file query_16.tsv (TSV, C-alpha atoms)
chain	number	residue	atom	x	y	z
A	1	MET	CA	21.64	-4.83	0.47
A	2	LYS	CA	21.93	-1.29	1.74
A	3	ILE	CA	18.48	-0.33	2.99
A	4	LEU	CA	17.04	3.03	4.07
A	5	PHE	CA	13.99	2.98	6.33
A	6	PHE	CA	11.71	5.98	6.01
A	7	GLY	CA	11.10	6.99	9.62
A	8	ARG	CA	11.86	5.06	12.79
A	9	GLY	CA	8.40	3.55	13.16
A	10	ALA	CA	7.49	0.41	15.06
A	11	ILE	CA	7.07	-1.80	11.98
A	12	GLY	CA	10.10	-0.60	10.06
A	13	THR	CA	12.38	-0.79	13.08
A	14	GLN	CA	11.60	-4.46	13.66
A	15	TYR	CA	12.26	-5.43	10.04
A	16	ALA	CA	15.43	-3.31	10.06
A	17	TRP	CA	16.68	-5.27	13.06
A	18	ALA	CA	15.85	-8.56	11.31
A	19	PHE	CA	17.62	-7.51	8.10
A	20	GLU	CA	20.73	-6.28	9.90
A	21	ASN	CA	20.94	-9.60	11.72
A	22	ALA	CA	20.81	-11.25	8.29
A	23	GLY	CA	23.88	-9.29	7.18
A	24	HIS	CA	22.40	-6.21	5.50
A	25	THR	CA	23.20	-2.54	6.11
A	26	VAL	CA	20.22	-0.65	7.52
A	27	GLU	CA	19.84	3.08	8.19
A	28	PHE	CA	16.93	5.35	9.07
A	29	TYR	CA	15.80	8.66	7.61
A	30	VAL	CA	14.19	10.79	10.34
A	31	ARG	CA	12.82	14.32	10.37
A	32	GLU	CA	14.98	17.26	11.39
A	33	GLY	CA	15.51	17.26	15.14
A	34	ARG	CA	14.56	13.61	15.59
A	35	LYS	CA	18.13	12.24	15.38
A	36	GLU	CA	19.02	13.79	18.72
A	37	GLN	CA	15.62	12.91	20.18
A	38	TYR	CA	15.84	9.24	19.18
A	39	GLY	CA	19.45	8.78	20.21
A	40	SER	CA	21.85	6.08	19.08
A	41	HIS	CA	19.92	2.96	20.03
A	42	VAL	CA	16.52	1.34	20.52
A	43	ASN	CA	15.59	-0.93	23.41
A	44	LEU	CA	13.78	-3.90	21.86
A	45	GLU	CA	11.21	-6.04	23.66
A	46	LEU	CA	9.76	-8.19	20.90
A	47	TRP	CA	8.07	-11.43	20.00
A	48	ASP	CA	9.85	-13.00	17.03
A	49	THR	CA	7.85	-15.93	15.65
A	50	ARG	CA	10.60	-16.92	13.23
A	51	ARG	CA	12.24	-18.50	16.26
A	52	SER	CA	11.35	-21.56	18.31
A	53	LYS	CA	8.80	-20.92	21.05
A	54	LYS	CA	11.33	-20.93	23.86
A	55	ASP	CA	13.43	-18.25	22.12
A	56	GLN	CA	10.70	-15.96	20.77
A	57	ILE	CA	11.03	-13.19	23.36
A	58	VAL	CA	13.78	-10.74	22.39
A	59	LYS	CA	15.21	-8.15	24.80
A	60	GLU	CA	18.09	-6.22	23.32
A	61	LYS	CA	19.71	-2.79	23.23
A	62	TRP	CA	20.14	-2.27	19.49
A	63	PRO	CA	22.35	0.51	18.05
A	64	ILE	CA	20.90	2.36	15.05
A	65	VAL	CA	22.15	4.79	12.40
A	66	THR	CA	19.91	7.77	11.61
A	67	HIS	CA	20.11	10.60	9.06
A	68	GLU	CA	18.12	13.82	8.72
A	69	GLU	CA	18.61	14.06	4.98
A	70	ILE	CA	18.68	11.76	1.95
A	71	LYS	CA	21.60	12.67	-0.24
A	72	GLU	CA	20.97	13.07	-3.97
A	73	ASN	CA	23.77	10.66	-4.89
A	74	HIS	CA	22.86	8.00	-2.31
A	75	ASP	CA	23.65	4.34	-2.92
A	76	TYR	CA	20.67	2.66	-1.24
A	77	ASP	CA	19.40	-0.48	-2.96
A	78	LEU	CA	16.04	-0.35	-1.19
A	79	ILE	CA	13.91	2.31	0.49
A	80	PHE	CA	11.49	0.77	2.97
A	81	LEU	CA	8.25	2.75	3.34
A	82	SER	CA	5.83	1.70	6.06
A	83	VAL	CA	3.68	4.58	7.31
A	84	ASN	CA	0.09	5.22	8.39
A	85	PRO	CA	-2.46	5.86	5.58
A	86	GLU	CA	-2.63	9.60	6.26
A	87	GLN	CA	1.15	9.88	5.88
A	88	VAL	CA	1.45	8.18	2.49
A	89	SER	CA	0.87	11.24	0.30
A	90	SER	CA	3.46	13.44	2.02
A	91	ALA	CA	5.96	10.58	2.22
A	92	ILE	CA	5.69	9.86	-1.51
A	93	SER	CA	5.99	13.57	-2.36
A	94	PHE	CA	9.16	13.78	-0.27
A	95	LEU	CA	10.71	10.58	-1.63
A	96	ALA	CA	9.88	11.01	-5.33
A	97	PRO	CA	12.76	13.39	-6.18
A	98	ARG	CA	15.16	11.48	-3.91
A	99	VAL	CA	14.56	7.85	-4.91
A	100	GLY	CA	17.29	7.62	-7.53
A	101	ASN	CA	17.57	4.04	-8.77
A	102	ALA	CA	16.51	2.45	-5.49
A	103	THR	CA	13.62	0.03	-5.23
A	104	VAL	CA	10.81	1.34	-3.01
A	105	LEU	CA	8.98	-1.21	-0.89
A	106	PHE	CA	5.48	0.19	-0.31
A	107	PHE	CA	4.74	-1.73	2.88
A	108	CYS	CA	1.48	-0.18	4.05
A	109	HIS	CA	-2.09	-1.21	4.75
A	110	PHE	CA	-3.97	1.08	2.37
A	111	TRP	CA	-7.61	1.57	1.35
A	112	GLN	CA	-7.05	3.49	-1.89
A	113	ASP	CA	-5.31	2.27	-5.06
A	114	PRO	CA	-1.57	1.93	-4.29
A	115	GLN	CA	-0.68	2.32	-7.96
A	116	LEU	CA	-2.12	5.84	-7.88
A	117	ALA	CA	-0.72	6.60	-4.43
A	118	VAL	CA	2.92	6.03	-5.42
A	119	ASN	CA	2.82	8.41	-8.40
A	120	PRO	CA	5.16	10.09	-9.46
A	121	ILE	CA	7.62	7.36	-8.41
A	122	PRO	CA	7.90	5.04	-11.45
A	123	LEU	CA	5.75	1.95	-10.93
A	124	GLY	CA	8.64	-0.19	-12.15
A	125	GLN	CA	10.59	0.75	-9.02
A	126	ILE	CA	7.77	-0.13	-6.62
A	127	VAL	CA	7.32	-3.42	-4.78
A	128	LEU	CA	3.96	-3.81	-3.01
A	129	GLY	CA	3.89	-5.74	0.24
A	130	PHE	CA	2.03	-5.97	3.54
A	131	PRO	CA	3.67	-6.23	6.96
A	132	GLY	CA	3.14	-8.93	9.53
A	133	ALA	CA	4.30	-6.88	12.48
A	134	GLY	CA	3.02	-4.33	14.95
A	135	GLY	CA	3.74	-2.60	18.20
A	136	GLY	CA	4.59	0.78	19.61
A	137	PHE	CA	7.15	2.85	21.47
A	138	GLU	CA	7.25	3.88	25.10
A	139	GLY	CA	10.05	6.41	25.13
A	140	ASN	CA	12.99	4.69	23.48
A	141	THR	CA	11.70	1.16	24.06
A	142	LEU	CA	9.89	-0.66	21.27
A	143	TYR	CA	7.33	-3.25	22.31
A	144	GLY	CA	6.01	-5.38	19.47
A	145	GLY	CA	6.18	-8.53	17.46
A	146	LEU	CA	7.17	-10.01	14.11
A	147	ARG	CA	5.05	-12.66	12.48
A	148	LYS	CA	6.87	-15.12	10.26
A	149	THR	CA	4.68	-14.60	7.18
A	150	VAL	CA	4.96	-11.56	4.90
A	151	SER	CA	2.56	-11.01	2.00
A	152	PHE	CA	3.25	-9.49	-1.42
A	153	ALA	CA	1.24	-8.39	-4.44
A	154	GLU	CA	2.26	-8.18	-8.09
A	155	PHE	CA	1.42	-5.41	-10.56
A	156	GLU	CA	2.08	-7.68	-13.55
A	157	SER	CA	1.45	-11.35	-14.31
A	158	GLU	CA	5.15	-12.14	-13.90
A	159	PRO	CA	7.32	-10.91	-11.01
A	160	THR	CA	9.86	-8.22	-11.79
A	161	ARG	CA	13.54	-8.43	-10.89
A	162	ARG	CA	12.97	-5.96	-8.07
A	163	GLU	CA	10.06	-7.97	-6.67
A	164	LEU	CA	12.14	-11.15	-6.69
A	165	GLU	CA	15.04	-9.38	-4.98
A	166	VAL	CA	12.81	-8.06	-2.19
A	167	ARG	CA	11.18	-11.47	-1.62
A	168	LYS	CA	14.64	-13.03	-1.42
A	169	LEU	CA	15.63	-10.38	1.13
A	170	PHE	CA	12.80	-11.47	3.41
A	171	ALA	CA	13.25	-15.19	2.76
A	172	ASP	CA	16.97	-15.02	3.54
A	173	ALA	CA	16.11	-13.27	6.82
A	174	GLY	CA	13.91	-16.21	7.85
A	175	PHE	CA	10.49	-14.96	6.77
A	176	LYS	CA	7.93	-16.96	4.81
A	177	THR	CA	6.83	-14.99	1.74
A	178	VAL	CA	3.36	-15.35	0.25
A	179	VAL	CA	2.21	-13.87	-3.08
A	180	LEU	CA	-1.49	-12.99	-2.89
A	181	LYS	CA	-3.77	-14.14	-5.71
A	182	ASP	CA	-6.36	-11.45	-4.99
A	183	ALA	CA	-4.29	-8.74	-3.35
A	184	GLN	CA	-7.00	-6.10	-3.70
A	185	SER	CA	-9.60	-8.06	-1.72
A	186	TRP	CA	-6.98	-9.14	0.83
A	187	ARG	CA	-5.88	-5.53	1.29
A	188	TRP	CA	-9.46	-4.28	1.75
A	189	ASN	CA	-10.30	-7.07	4.21
A	190	ARG	CA	-7.24	-6.32	6.36
A	191	PHE	CA	-7.98	-2.60	6.27
A	192	ALA	CA	-11.59	-3.23	7.30
A	193	MET	CA	-10.41	-5.36	10.22
A	194	ASN	CA	-8.18	-2.51	11.36
A	195	VAL	CA	-11.09	-0.08	11.08
A	196	ALA	CA	-13.35	-2.40	13.11
A	197	MET	CA	-10.77	-2.14	15.89
A	198	GLU	CA	-10.23	1.60	15.45
A	199	ILE	CA	-13.95	2.28	15.92
A	200	GLU	CA	-13.69	0.75	19.40
A	201	VAL	CA	-10.45	2.64	20.08
A	202	LEU	CA	-12.21	5.91	19.26
A	203	LYS	CA	-14.96	5.04	21.75
A	204	SER	CA	-12.75	3.72	24.54
A	205	GLY	CA	-9.83	6.13	24.19
A	206	SER	CA	-6.90	3.79	23.56
A	207	PHE	CA	-5.91	0.48	22.02
A	208	LYS	CA	-5.11	-0.94	25.45
A	209	LYS	CA	-8.54	-0.05	26.81
A	210	ALA	CA	-10.24	-1.50	23.74
A	211	VAL	CA	-8.50	-4.88	23.84
A	212	THR	CA	-9.04	-5.31	27.58
A	213	SER	CA	-12.80	-4.66	27.35
A	214	ARG	CA	-15.07	-7.61	26.52
A	215	GLU	CA	-17.72	-5.10	25.39
A	216	ALA	CA	-15.31	-3.38	22.99
A	217	LEU	CA	-14.07	-6.70	21.62
A	218	ALA	CA	-17.66	-7.76	21.02
A	219	GLY	CA	-18.16	-4.43	19.26
A	220	ILE	CA	-15.54	-5.45	16.70
A	221	GLY	CA	-17.94	-8.16	15.54
A	222	SER	CA	-20.82	-5.70	15.27
A	223	ASN	CA	-18.59	-3.28	13.37
A	224	MET	CA	-17.54	-5.98	10.91
A	225	LYS	CA	-21.17	-6.70	10.05
A	226	GLU	CA	-21.43	-3.13	8.75
A	227	LEU	CA	-18.00	-3.11	7.14
A	228	ILE	CA	-18.77	-6.27	5.17
A	229	LYS	CA	-21.49	-4.29	3.40
A	230	VAL	CA	-18.90	-1.71	2.36
A	231	LEU	CA	-16.47	-4.40	1.19
A	232	LYS	CA	-19.15	-6.06	-0.94
A	233	ALA	CA	-20.18	-2.70	-2.42
A	234	LYS	CA	-16.55	-2.15	-3.49
A	235	GLY	CA	-16.50	-5.55	-5.18
A	236	SER	CA	-14.30	-7.25	-2.62
A	237	LYS	CA	-14.42	-10.93	-1.83
A	238	ILE	CA	-14.99	-11.66	1.85
A	239	ASP	CA	-12.18	-13.74	3.31
A	240	VAL	CA	-12.57	-16.38	6.01
A	241	MET	CA	-11.48	-14.22	8.95
A	242	THR	CA	-13.73	-11.32	7.96
A	243	GLY	CA	-16.64	-13.69	7.42
A	244	VAL	CA	-16.19	-15.35	10.81
A	245	ILE	CA	-15.80	-12.10	12.77
A	246	GLY	CA	-18.75	-10.53	10.96
A	247	GLY	CA	-20.90	-13.65	11.01
A	248	LEU	CA	-20.71	-14.75	14.64
A	249	PRO	CA	-22.88	-13.22	17.36
A	250	PRO	CA	-21.01	-10.25	18.90
A	251	ARG	CA	-20.83	-11.96	22.31
A	252	ALA	CA	-19.09	-14.93	20.73
A	253	VAL	CA	-16.64	-12.58	19.02
A	254	GLY	CA	-15.97	-10.88	22.36
A	255	PHE	CA	-15.27	-14.24	23.99
A	256	LEU	CA	-12.95	-15.40	21.19
A	257	MET	CA	-11.13	-12.07	20.96
A	258	SER	CA	-10.60	-11.91	24.73
A	259	ASN	CA	-8.69	-15.20	24.45
A	260	VAL	CA	-6.73	-14.02	21.42
A	261	MET	CA	-5.90	-10.79	23.24
A	262	SER	CA	-4.63	-12.46	26.38
A	263	PRO	CA	-2.06	-10.17	28.07
A	264	LYS	CA	0.41	-13.05	27.92
A	265	GLY	CA	0.15	-13.42	24.14
A	266	MET	CA	1.71	-11.81	21.09
A	267	SER	CA	-1.54	-10.32	19.74
A	268	TYR	CA	-1.86	-8.23	22.89
A	269	ALA	CA	1.77	-7.16	22.63
A	270	LEU	CA	1.13	-5.84	19.11
A	271	VAL	CA	-1.47	-3.32	20.30
A	272	GLU	CA	-0.81	-2.66	24.01
A	273	HIS	CA	1.73	0.09	23.29
A	274	ASN	CA	0.20	1.37	20.05
A	275	HIS	CA	-0.43	5.08	20.55
A	276	PHE	CA	-0.95	6.27	17.00
A	277	LYS	CA	-3.83	8.64	16.39
A	278	VAL	CA	-6.78	6.75	14.92
A	279	GLY	CA	-9.54	8.17	12.76
A	280	TYR	CA	-8.19	8.74	9.26
A	281	ALA	CA	-8.81	5.15	8.16
A	282	VAL	CA	-12.30	5.20	9.69
A	283	ARG	CA	-13.09	8.41	7.83
A	284	GLU	CA	-11.98	6.85	4.51
A	285	VAL	CA	-14.37	3.93	4.99
A	286	ILE	CA	-17.18	6.26	6.10
A	287	ALA	CA	-16.76	8.17	2.82
A	288	ASP	CA	-17.23	4.97	0.81
A	289	ALA	CA	-20.17	3.85	2.95
A	290	ARG	CA	-21.93	7.14	2.17
A	291	LYS	CA	-20.92	6.91	-1.49
A	292	TYR	CA	-22.68	3.53	-1.78
A	293	GLY	CA	-25.65	4.54	0.38
A	294	ILE	CA	-24.95	1.90	3.02
A	295	LYS	CA	-26.73	1.93	6.37
A	296	ALA	CA	-23.94	1.75	8.94
A	297	PRO	CA	-25.05	3.45	12.18
A	298	ARG	CA	-22.10	2.21	14.26
A	299	LEU	CA	-19.66	3.52	11.68
A	300	TYR	CA	-21.30	6.92	11.33
A	301	ALA	CA	-21.71	7.31	15.12
A	302	VAL	CA	-17.95	7.61	15.74
A	303	GLU	CA	-17.39	10.28	13.09
A	304	SER	CA	-17.80	13.04	15.68
A	305	LEU	CA	-15.05	11.44	17.79
A	306	ILE	CA	-12.43	11.80	15.08
A	307	LYS	CA	-10.07	14.67	15.83
A	308	GLU	CA	-8.25	16.58	13.13
call {"tool": "encode", "arguments": {"input": "query_16.tsv", "output": "structure tokens"}}
result
Amino acid sequence: MKILFFGRGAIGTQYAWAFENAGHTVEFYVREGRKEQYGSHVNLELWDTRRSKKDQIVKEKWPIVTHEEIKENHDYDLIFLSVNPEQVSSAISFLAPRVGNATVLFFCHFWQDPQLAVNPIPLGQIVLGFPGAGGGFEGNTLYGGLRKTVSFAEFESEPTRRELEVRKLFADAGFKTVVLKDAQSWRWNRFAMNVAMEIEVLKSGSFKKAVTSREALAGIGSNMKELIKVLKAKGSKIDVMTGVIGGLPPRAVGFLMSNVMSPKGMSYALVEHNHFKVGYAVREVIADARKYGIKAPRLYAVESLIKE
């Protein structure tokens, strides 16, 4: 496949590297001026859980190809879109007249209805999936990690040709693909978990400070107790992870999370260098909490910390 990645973000870059190693052609679309800024390579320091434990740490100088325009007559088979929730609308507006016949992989954690979000790109060209990766850049070095499992949703009862092609792309690159039976609930649960973390990031000032504070990690449990109310009001099923984090005493959550977020582990690597501006996702959930009349003092308390 010839694949165009929209932006040179942490998630897309890691999958691009994996796909190129599997024999595909990968290129990046970046905004005007970014090609010179980003340069001709990325320094990778990654955890890759597709590999055996002794070989999971990757350190590599990886050359990349970037473009500051998408030509009208392009020949990309797939456009890979993985952006933050607040960037989805502008990204779709930009891509819609430039998609051509390419498949678009909508690879985002998203609170709203993805089928509405991708309009006016034809739904038949969309594949809906959810990444199992994270990380962040420090200069030109990407610190992060790839989990082996990648999740997908289906718009119809039977998979389309494009959906099957994208799943095969991942499978051939060594990923395990899972098709979600209740993608809507899964998507909302994952988004709520991210928001539970972002609330603590807003209070502490950074992801790194949040995951190294036992108090902040305990706060994730308290936050989930409120967010479960929002999930239920939206009609979502509560999955096992959400139920455990929201059901345990906050101190127990803090203890468990401090072990999960050990500086020597992959989970810590996924967030230590994450510098993206939080708040938009929290604000989306706050809007629904108010809509349903839910008492959520911890959620509402951080609203004043969200910067435009």
call {"tool": "closest_residue", "arguments": {"input": "query_16.tsv", "among": "A:Ser151, A:Ser304, A:Asn189, A:Ser262", "to": "Lys232 of chain A", "atoms": "only C-alpha atoms"}}
result
A:Asn189
call {"tool": "closest_atom_pairs", "arguments": {"input": "query_16.tsv", "of": "segment 135-233 of chain A", "to": "segment 275-299 of chain A", "cutoff": "12 Å", "atoms": "only C-alpha atoms", "output": "JSON lines"}}
result
{"residue": "A:Gly135", "atom": "CA", "partner": "A:His275", "partner_atom": "CA", "distance": 9.0}
{"residue": "A:Gly136", "atom": "CA", "partner": "A:His275", "partner_atom": "CA", "distance": 6.7}
{"residue": "A:Phe137", "atom": "CA", "partner": "A:His275", "partner_atom": "CA", "distance": 8.0}
{"residue": "A:Glu138", "atom": "CA", "partner": "A:His275", "partner_atom": "CA", "distance": 9.0}
{"residue": "A:Gly139", "atom": "CA", "partner": "A:His275", "partner_atom": "CA", "distance": 11.5}
{"residue": "A:Leu142", "atom": "CA", "partner": "A:His275", "partner_atom": "CA", "distance": 11.8}
{"residue": "A:Tyr143", "atom": "CA", "partner": "A:His275", "partner_atom": "CA", "distance": 11.5}
{"residue": "A:Trp188", "atom": "CA", "partner": "A:Val285", "partner_atom": "CA", "distance": 10.1}
{"residue": "A:Asn189", "atom": "CA", "partner": "A:Val285", "partner_atom": "CA", "distance": 11.8}
{"residue": "A:Arg190", "atom": "CA", "partner": "A:Ala281", "partner_atom": "CA", "distance": 11.7}
{"residue": "A:Phe191", "atom": "CA", "partner": "A:Ala281", "partner_atom": "CA", "distance": 8.0}
{"residue": "A:Ala192", "atom": "CA", "partner": "A:Val285", "partner_atom": "CA", "distance": 8.0}
{"residue": "A:Met193", "atom": "CA", "partner": "A:Val282", "partner_atom": "CA", "distance": 10.7}
{"residue": "A:Asn194", "atom": "CA", "partner": "A:Ala281", "partner_atom": "CA", "distance": 8.3}
{"residue": "A:Val195", "atom": "CA", "partner": "A:Val282", "partner_atom": "CA", "distance": 5.6}
{"residue": "A:Ala196", "atom": "CA", "partner": "A:Val282", "partner_atom": "CA", "distance": 8.4}
{"residue": "A:Met197", "atom": "CA", "partner": "A:Val282", "partner_atom": "CA", "distance": 9.7}
{"residue": "A:Glu198", "atom": "CA", "partner": "A:Val278", "partner_atom": "CA", "distance": 6.2}
{"residue": "A:Ile199", "atom": "CA", "partner": "A:Val282", "partner_atom": "CA", "distance": 7.1}
{"residue": "A:Glu200", "atom": "CA", "partner": "A:Arg298", "partner_atom": "CA", "distance": 10.0}
{"residue": "A:Val201", "atom": "CA", "partner": "A:Val278", "partner_atom": "CA", "distance": 7.5}
{"residue": "A:Leu202", "atom": "CA", "partner": "A:Val278", "partner_atom": "CA", "distance": 7.0}
{"residue": "A:Lys203", "atom": "CA", "partner": "A:Arg298", "partner_atom": "CA", "distance": 10.7}
{"residue": "A:Ser204", "atom": "CA", "partner": "A:Val278", "partner_atom": "CA", "distance": 11.7}
{"residue": "A:Gly205", "atom": "CA", "partner": "A:Val278", "partner_atom": "CA", "distance": 9.8}
{"residue": "A:Ser206", "atom": "CA", "partner": "A:His275", "partner_atom": "CA", "distance": 7.3}
{"residue": "A:Phe207", "atom": "CA", "partner": "A:His275", "partner_atom": "CA", "distance": 7.3}
{"residue": "A:Lys208", "atom": "CA", "partner": "A:His275", "partner_atom": "CA", "distance": 9.1}
{"residue": "A:Lys209", "atom": "CA", "partner": "A:His275", "partner_atom": "CA", "distance": 11.5}
{"residue": "A:Gly219", "atom": "CA", "partner": "A:Arg298", "partner_atom": "CA", "distance": 9.2}
{"residue": "A:Ile220", "atom": "CA", "partner": "A:Arg298", "partner_atom": "CA", "distance": 10.4}
{"residue": "A:Gly221", "atom": "CA", "partner": "A:Arg298", "partner_atom": "CA", "distance": 11.2}
{"residue": "A:Ser222", "atom": "CA", "partner": "A:Arg298", "partner_atom": "CA", "distance": 8.1}
{"residue": "A:Asn223", "atom": "CA", "partner": "A:Arg298", "partner_atom": "CA", "distance": 6.6}
{"residue": "A:Met224", "atom": "CA", "partner": "A:Leu299", "partner_atom": "CA", "distance": 9.8}
{"residue": "A:Lys225", "atom": "CA", "partner": "A:Ala296", "partner_atom": "CA", "distance": 9.0}
{"residue": "A:Glu226", "atom": "CA", "partner": "A:Ala296", "partner_atom": "CA", "distance": 5.5}
{"residue": "A:Leu227", "atom": "CA", "partner": "A:Ala296", "partner_atom": "CA", "distance": 7.9}
{"residue": "A:Ile228", "atom": "CA", "partner": "A:Ala296", "partner_atom": "CA", "distance": 10.3}
{"residue": "A:Lys229", "atom": "CA", "partner": "A:Ile294", "partner_atom": "CA", "distance": 7.1}
{"residue": "A:Val230", "atom": "CA", "partner": "A:Ala289", "partner_atom": "CA", "distance": 5.7}
{"residue": "A:Leu231", "atom": "CA", "partner": "A:Ala289", "partner_atom": "CA", "distance": 9.2}
{"residue": "A:Lys232", "atom": "CA", "partner": "A:Tyr292", "partner_atom": "CA", "distance": 10.3}
{"residue": "A:Ala233", "atom": "CA", "partner": "A:Tyr292", "partner_atom": "CA", "distance": 6.7}
call {"tool": "residues_around", "arguments": {"input": "query_16.tsv", "residues": "Lys61 of chain A", "least_positions_apart": "5", "cutoff": "7 Å", "atoms": "only C-alpha atoms", "output": "list of chain:residue names"}}
result
A:His41, A:Val42, A:Asn43, A:Leu44
call {"tool": "closest_residue", "arguments": {"input": "query_16.tsv", "among": "A:Ile92, A:Leu4, A:Thr103, A:Leu128", "to": "Ile70 of chain A", "atoms": "only C-alpha atoms"}}
result
A:Leu4
call {"tool": "atom_distance", "arguments": {"input": "query_16.tsv", "atom1": "atom CA of Glu72 of chain A", "atom2": "atom CA of Gly23 of chain A"}}
result
25.2 Å
call {"tool": "closest_residue", "arguments": {"input": "query_16.tsv", "among": "A:Gly100, A:Gly132, A:Gly7, A:Pro85", "to": "Arg31 of chain A", "atoms": "all atoms listed in the file"}}
result
A:Gly7
